[in-house]
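Visitor: I have a structure I would like to understand better, so I am pasting it below and will then ask my questions one at a time.
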Amino acid sequence: MIGLYILGAMLLFGAFKVLRGVYYIRKAKRLEAEVTAIEARTDALNAETAGIKAERKAQQAAAVVALGFVPEAELDTDNARPVSPEQTAAVAAVKAGDWEAGAAYLDAAGQDWEERWQRMRPLSELAAEDDAWLLAWRAARPSDPSAALVNADTGVLVAWNVRGSARASHTTQEQFRIFRELLLKAREQAREAQRLADPADPVPYMVEQSISQGLGYAHEEYRELWSQIVERDPKNLSAHTNAMQYWSQKWRGSHELALAFAGECAASAEPGELLSVLPLIAYIEQELHESDLKPETFFKEPEVLAAVEAALADLAAADPDDWRSIRLRHLLAWFLFWQDRDAEAVEQFRHIDGHIGAMPWYYWSPSRYVYARDWAVREVTPGL
């Protein structure tokens, strides 16, 4: 009798455990269903919020475009300013095999050495992709200084294309080996261009500036090259901005050396010569290189504020038709944005808008430019 009672109790306890297990299983499933429903509602709310934000962002972007600014998708990321009809025509002719059109376009710069440098580069870029027309030019005119110049600059571009833009840690030893071999060859070509050039022409020596970075010229060797350039054209802006790369910490110098070079050159310039761009370049490179520097604070340091003021005064004194001022305007737009001088930033954005193939924008995607531009525009436009 007692045995039956114990057996019955055990059966009841077992049944209770089963029922309790079923209860917890059902409760867990209900909780799981509730969690899933909550997550779905959360995802829906997040999606709705994201949609609202995206719509608001699109509306703001459209409002800025309605004020005359260029949509992000239409920004020219290759050029700092509109391409001239003369360059467009020359490039089209050269692509069709007419090297004489390229030669005439380059020689039309005359002894405007800055212009000669600017006209050389699009021809070199074409030859770096397909040099058949350049080979024909050199065969027809083996002693032509312009052909030798484009040939040397093409060699430099080909070498740097092999090197790529990645950091050294992300570049293979094979890339470095070929890069060096190509630069050594390009140096021979640059020296040939220097021998054939007009004795007053600094441009073949400017071509060697990028070679000096890649081959790691010692400071004294670079100073000798620099003396050849400034002896021929003391205030050439492109030569000076090229030199800033050599003296930067990421190449063969340091922040201190870059800023010292920039300050010395800017101080020796007359108002309107636009060399005030050099300290701005030095500060940009320093901020990009040092991870603990933040533009919202670093660009408000007294020395940076003073450099921006000097650049604004330099720009005001420059010839309004001097196309070189566009380089300074690109940098000023960025600095003024970070200094919360939005109205002044917008003035610079209006001058540069549409063409952002310039420092500092070429370091980032176009969205960085659009963000800064649109922010400044919204800040100075009531109701936007």
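Scheme for the structure tokens: letters A, B, ... for chains in order shown; per-chain residue numbers from 1; ligand numbers from 1 in order shown.
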Would you mind listing what lies within 7 Å of Val150 of chain A as a count of residues only, with only C-alpha atoms counted and same-chain residues fewer than 4 positions away left out?
Guide: 5
Visitor: I'd like the contact shell of Glu296 of chain A - 12 Å cut-off, only C-alpha atoms, skipping same-chain residues fewer than 4 positions apart - returned as a PyMOL selection string.
Guide: chain A and resi 287+292+300-301+304+334-340
Visitor: With N, CA and C atoms retained, export the selected residues as a short mmCIF file (atom, residue, chain, number, x, y, z; two decimals), in the first residue's frame.
Guide:
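After the write, again21.cif holds the following:
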data_model
loop_
_atom_site.label_atom_id
_atom_site.label_comp_id
_atom_site.auth_asym_id
_atom_site.auth_seq_id
_atom_site.Cartn_x
_atom_site.Cartn_y
_atom_site.Cartn_z
N GLU A 287 48.71 68.47 -39.49
CA GLU A 287 47.45 67.97 -38.91
C GLU A 287 47.11 66.58 -39.43
N ASP A 292 47.01 63.06 -32.97
CA ASP A 292 46.46 63.72 -31.79
C ASP A 292 46.03 65.16 -32.06
N LYS A 300 42.76 76.67 -34.91
CA LYS A 300 42.46 77.91 -34.20
C LYS A 300 43.62 78.37 -33.32
N GLU A 301 44.75 77.68 -33.44
CA GLU A 301 45.93 78.11 -32.71
C GLU A 301 46.38 79.48 -33.23
N VAL A 304 48.31 79.65 -36.50
CA VAL A 304 47.52 79.28 -37.68
C VAL A 304 46.56 80.41 -38.05
N TRP A 334 38.95 75.68 -46.47
CA TRP A 334 39.05 74.65 -45.44
C TRP A 334 39.39 75.24 -44.08
N PHE A 335 40.38 76.12 -44.05
CA PHE A 335 40.77 76.72 -42.77
C PHE A 335 39.66 77.60 -42.20
N LEU A 336 39.04 78.41 -43.03
CA LEU A 336 37.98 79.30 -42.56
C LEU A 336 36.78 78.51 -42.05
N PHE A 337 36.49 77.38 -42.68
CA PHE A 337 35.42 76.51 -42.21
C PHE A 337 35.70 76.06 -40.78
N TRP A 338 36.93 75.60 -40.51
CA TRP A 338 37.26 75.11 -39.17
C TRP A 338 37.39 76.24 -38.15
N GLN A 339 37.61 77.43 -38.62
CA GLN A 339 37.71 78.57 -37.72
C GLN A 339 36.36 79.24 -37.47
N ASP A 340 35.29 78.60 -37.97
CA ASP A 340 33.91 79.09 -37.78
C ASP A 340 33.71 80.47 -38.42
#
Visitor: Using only C-alpha atoms, pick whichever of A:Gly110, A:Gly102, A:Pro71, A:Gly214 has the shortest atom-to-atom distance to Leu157 of chain A.
Guide: A:Gly214
Visitor: From the set A:Ser325, A:Ser238, A:Ser268, A:Ser143, which residue has the shortest atom-to-atom contact distance to Arg81 of chain A, counting only C-alpha atoms?
Guide: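 Checking each of A:Ser325, A:Ser238, A:Ser268, A:Ser143 against Arg81 of chain A, counting only C-alpha atoms, the winner is A:Ser325.
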Visitor: Skipping near chain neighbours, those fewer than 3 positions away, what residues fall within 9 Å of Ile326 of chain A using only C-alpha atoms, listed as a count of residues only?
Guide: 9
Visitor: Could you list, as a list in words, every residue within 8 Å of Asp353 of chain A, counting only C-alpha atoms and ignoring same-chain residues fewer than 5 positions away?
Guide: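 In the requested form, the answer reads Phe69, Val70 and Leu75 of chain A.
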Visitor: Could you please write out, as a VMD selection string, every residue of segment 42-156 of chain A that DSSP assigns to alpha helix (DSSP H)?
Guide: chain A and resid 42 to 66 85 to 95 99 to 107 113 to 129 132 to 140 145 to 156
Visitor: Identify, on the basis of only C-alpha atoms, every residue whose closest approach to Glu344 of chain A does not exceed 10 Å; exclude the query and any residue fewer than 5 positions from it along the same chain; express the result as a VMD selection string.
Guide: chain A and resid 312 332 to 333 336 to 337 349 376 380
Visitor: Which of these residues is nearest to Glu174 of chain A, using only C-alpha atoms: A:Val162, A:Arg232, A:Arg138, A:Ser210?
Guide: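 Nearest to Glu174 of chain A: A:Val162.
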Visitor: Atom CA of Leu196 of chain A and atom CA of Leu149 of chain A are how many Å apart?
Guide: 8.9 Å
Visitor: To one decimal place in Å, what is the distance between atom CA of Gly263 of chain A and atom CA of Arg368 of chain A?
Guide: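 Interatomic distance here is 28.1 Å.
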Visitor: Which value, in Å to one decimal, gives the distance between atom CA of Glu221 of chain A and atom CA of Gln286 of chain A?
Guide: 24.2 Å
Visitor: Restricting the calculation to only C-alpha atoms, which member of A:Glu285, A:Gly354, A:Thr241, A:Trp364 is positioned closest to Val83 of chain A?
Guide: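 Comparing A:Glu285, A:Gly354, A:Thr241, A:Trp364 against Val83 of chain A, the winner is A:Gly354.
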